[in-house]
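Accompanying notes for the structure given below.
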Amino acid sequence: MSDADLGQALPLPTPSAELQARLAVRRSAPAQSLVAPGPSPAEVARILELGARTPDHGKLFPWRFVVMGPQSRAALAEALLPHAARQPDPAKARKVLSKLTAPPLTILVVSTPVEGHKVPVWEQQLSAGAVCMNLEHAADALGYSASWITDWYSYDPQATEVIGVMAGEQIAGFIHIGALAEGPLERPRPDLAAKTAYQP
Ligand SMILES: Cc1cc2nc3c(=O)[nH]c(=O)nc-3n(C[C@H](O)[C@H](O)[C@H](O)COP(=O)(O)O)c2cc1C
């Protein structure tokens, strides 16, 4: 889709057994288990294009992406080491840095809400979360597994400065993408009857 397509009627949805079957078994990957091959540059562009087709109130697009290859993440993990030492459990903080370095490709999603806009910041942040989920779906559609990770360095102010997060921004997630040697195990799912109210 391009600006030339603006105002063009899009196709109406039709039932897709294939899409339902994929959604019914969708699962995140353990980040440390993600291995090569990761998506090619053309596939990354497609994942971003599909992932960015996400609802956002006011068309503010209140998020930005940083596509991180292995070199930048290795350097980042190294730069985060002294900050891991300041965490309540330094050994664990160090250990989880392997989630940053193992996967072949990562898309960092940064929430960039516009303060003082009539669209509440909360809604802008929800859009950043939605874009993370949509990136996972896009990766799945291209045949890759994905993992949405935040970890301590997404919340530690000195660490986020190292990552390049600016004032007013927040990390929505590191979306790690790659291949898995084996399918992930099923995990508990919510009791929908307990979670859902039906009204006439
Ligand atoms: C906002 C957000 C942040 C997360 N951060 C972490 C994290 O830091 N470490 C972790 O092990 N899992 C984290 N997770 C959970 C993983 O993404 C987890 O694999 C996923 O929720 C499993 O569910 P699924 O298989 O239905 O996708 C996070 C999930 C969300 C939504």
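The chains in the structure tokens are called A, B, ... from first to last as shown; in each chain the residues are counted from 1, and the ligands are counted from 1 in the order shown.
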Excluding A:Ala74 and any residue of its chain fewer than 5 positions from it, enumerate the residues within 10 Å of it, using only C-alpha atoms, and give them as a PyMOL selection string. chain A and resi 68-69+79-80+97-98+100-102
Enumerate, in order of chain and increasing residue number, the residues of chain A with an atom no farther than 6 Å from ligand 1, each with its shortest atom pair and distance in Å to one decimal, counting only C-alpha atoms and all ligand atoms, as a Markdown table.
| residue | atom | partner | partner_atom_place_in_ligand_line | distance |
| --- | --- | --- | --- | --- |
| A:Arg27 | CA | ligand 1 | 25 (O) | 3.5 |
| A:Ser28 | CA | ligand 1 | 25 (O) | 3.8 |
| A:Ser147 | CA | ligand 1 | 17 (O) | 5.2 |
| A:Trp148 | CA | ligand 1 | 17 (O) | 4.0 |
| A:Ile149 | CA | ligand 1 | 5 (N) | 3.8 |
| A:Thr150 | CA | ligand 1 | 8 (O) | 3.8 |
| A:Asp151 | CA | ligand 1 | 8 (O) | 3.5 |
Give me, as a PyMOL selection string, the residues of chain A that a backbone DSSP run labels alpha helix (DSSP H). chain A and resi 17-24+41-51+70-84+90-95+98-101+121-141+157-163+192-195
When DSSP works through the backbone of this structure, what residues of chain A end up as strand (DSSP E or B), shown as a PDB file with C-alpha atoms, in the first residue's frame?
ATOM      1  CA  VAL A  35      18.635 -19.456  15.871  1.00  0.00           C
ATOM      2  CA  TRP A  63       6.148   4.363  18.057  1.00  0.00           C
ATOM      3  CA  ARG A  64       9.452   3.894  16.303  1.00  0.00           C
ATOM      4  CA  PHE A  65      11.538   0.875  15.358  1.00  0.00           C
ATOM      5  CA  VAL A  66      15.233   0.065  15.684  1.00  0.00           C
ATOM      6  CA  VAL A  67      16.246  -2.956  13.587  1.00  0.00           C
ATOM      7  CA  MET A  68      19.143  -4.540  15.453  1.00  0.00           C
ATOM      8  CA  LEU A 105      17.418 -10.372  14.413  1.00  0.00           C
ATOM      9  CA  THR A 106      15.635  -7.979  16.761  1.00  0.00           C
ATOM     10  CA  ILE A 107      13.185  -5.152  16.226  1.00  0.00           C
ATOM     11  CA  LEU A 108      13.166  -2.786  19.182  1.00  0.00           C
ATOM     12  CA  VAL A 109       9.793  -1.043  19.477  1.00  0.00           C
ATOM     13  CA  VAL A 110       9.936   2.296  21.282  1.00  0.00           C
ATOM     14  CA  SER A 111       6.717   3.963  22.406  1.00  0.00           C
ATOM     15  CA  SER A 145       9.244 -17.480  15.397  1.00  0.00           C
ATOM     16  CA  ALA A 146       9.314 -14.445  17.648  1.00  0.00           C
ATOM     17  CA  SER A 147       9.711 -13.455  21.276  1.00  0.00           C
ATOM     18  CA  TRP A 148       8.552 -10.226  22.969  1.00  0.00           C
ATOM     19  CA  ILE A 149      10.989  -9.331  25.744  1.00  0.00           C
ATOM     20  CA  GLN A 170       9.516   4.006  26.725  1.00  0.00           C
ATOM     21  CA  ILE A 171      10.521   0.606  25.486  1.00  0.00           C
ATOM     22  CA  ALA A 172       7.452  -1.357  24.374  1.00  0.00           C
ATOM     23  CA  GLY A 173       9.499  -4.439  23.651  1.00  0.00           C
ATOM     24  CA  PHE A 174      12.394  -6.138  21.968  1.00  0.00           C
ATOM     25  CA  ILE A 175      10.805  -8.357  19.302  1.00  0.00           C
ATOM     26  CA  HIS A 176      13.367 -11.094  18.700  1.00  0.00           C
ATOM     27  CA  ILE A 177      12.915 -13.040  15.463  1.00  0.00           C
ATOM     28  CA  GLY A 178      14.470 -16.234  14.143  1.00  0.00           C
ATOM     29  CA  ALA A 179      14.016 -19.954  13.676  1.00  0.00           C
TER      30      ALA A 179
END
Just the residues within 10 Å of A:Leu142, please, counting only C-alpha atoms, with nothing from its chain fewer than 4 positions along; format it as a ChimeraX atom specification. /A:39,43-44,46-47,137-138
Neighbour list for stretch 157-168 of chain A as a ChimeraX atom specification, cut-off 7 Å, only C-alpha atoms, skip fewer than 3 positions in-chain: /A:80,83,112,153-154
Output C-alpha atoms for every residue in the selection just made, as a CSV table (one decimal), in the first residue's frame.
chain,number,residue,atom,x,y,z
A,80,LEU,CA,24.8,-3.1,29.8
A,83,HIS,CA,24.4,-1.8,34.8
A,112,THR,CA,6.9,7.7,21.5
A,153,TYR,CA,17.2,-2.9,31.0
A,154,SER,CA,13.9,-1.7,29.5
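Straight-line separation from atom CA of A:Pro30 to atom CA of A:Pro103: 9.8 Å.
Proximity ranking of A:Ala9, A:Ala21, A:Trp152, A:Ala197 relative to A:Arg86 places A:Trp152 first, based on only C-alpha atoms.
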Close residues, A:Thr54 itself excluded, 9 Å, only C-alpha atoms, min 6 positions apart in chain, as a ChimeraX atom specification: /A:61,127-128,130-131,134
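Minimum atom-to-atom distance to A:Glu49, evaluated using only C-alpha atoms, belongs to A:Leu135 out of A:Pro104, A:Gln124, A:Ala17, A:Leu135.
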Find the residue from A:Asp56, A:Glu78, A:Asp89, A:Asp156 that sits nearest to A:Leu126; use only C-alpha atoms when measuring. A:Asp56
Counting only C-alpha atoms, which residues in stretch 23-120 of chain A sit no more than 12 Å from stretch 184-188 of chain A? For each one, give the nearest pair of atoms and the distance in Å, sorted by chain then residue number, as a tab-separated table.
residue	atom	partner	partner_atom	distance
A:Ala24	CA	A:Glu186	CA	11.1
A:Val25	CA	A:Glu186	CA	8.4
A:Arg26	CA	A:Glu186	CA	9.4
A:Arg27	CA	A:Pro184	CA	7.0
A:Ser28	CA	A:Pro184	CA	7.6
A:Ala29	CA	A:Pro184	CA	6.3
A:Pro30	CA	A:Pro184	CA	7.9
A:Ala31	CA	A:Pro184	CA	11.2
A:Ser33	CA	A:Pro184	CA	9.7
A:Leu34	CA	A:Pro184	CA	10.9
With N, CA and C atoms kept, could you save the residues just selected as a short mmCIF file (atom, residue, chain, number, x, y, z; two decimals), in the first residue's frame?
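And here's again_20.cif as it stands now:
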data_model
loop_
_atom_site.label_atom_id
_atom_site.label_comp_id
_atom_site.auth_asym_id
_atom_site.auth_seq_id
_atom_site.Cartn_x
_atom_site.Cartn_y
_atom_site.Cartn_z
N ALA A 24 -4.56 -20.40 15.92
CA ALA A 24 -4.92 -21.34 16.99
C ALA A 24 -3.70 -21.99 17.63
N VAL A 25 -2.58 -22.02 16.94
CA VAL A 25 -1.37 -22.66 17.50
C VAL A 25 -0.23 -21.64 17.66
N ARG A 26 -0.53 -20.36 17.48
CA ARG A 26 0.53 -19.36 17.61
C ARG A 26 1.11 -19.37 19.01
N ARG A 27 2.41 -19.33 19.10
CA ARG A 27 3.10 -19.27 20.39
C ARG A 27 4.36 -18.47 20.24
N SER A 28 4.77 -17.81 21.32
CA SER A 28 6.07 -17.15 21.32
C SER A 28 7.16 -18.19 21.45
N ALA A 29 8.36 -17.79 21.06
CA ALA A 29 9.53 -18.66 21.21
C ALA A 29 10.30 -18.23 22.46
N PRO A 30 11.00 -19.16 23.12
CA PRO A 30 11.97 -18.71 24.12
C PRO A 30 13.09 -17.96 23.38
N ALA A 31 13.38 -16.73 23.79
CA ALA A 31 14.32 -15.89 23.02
C ALA A 31 15.68 -16.57 22.84
N SER A 33 16.35 -19.56 22.43
CA SER A 33 16.32 -20.70 21.51
C SER A 33 16.24 -20.27 20.05
N LEU A 34 16.10 -18.98 19.81
CA LEU A 34 15.99 -18.51 18.43
C LEU A 34 17.35 -18.60 17.75
#
From the list A:Pro70, A:Ala75, A:Ala91, A:Tyr144, the nearest residue to A:Pro37 using only C-alpha atoms is A:Tyr144
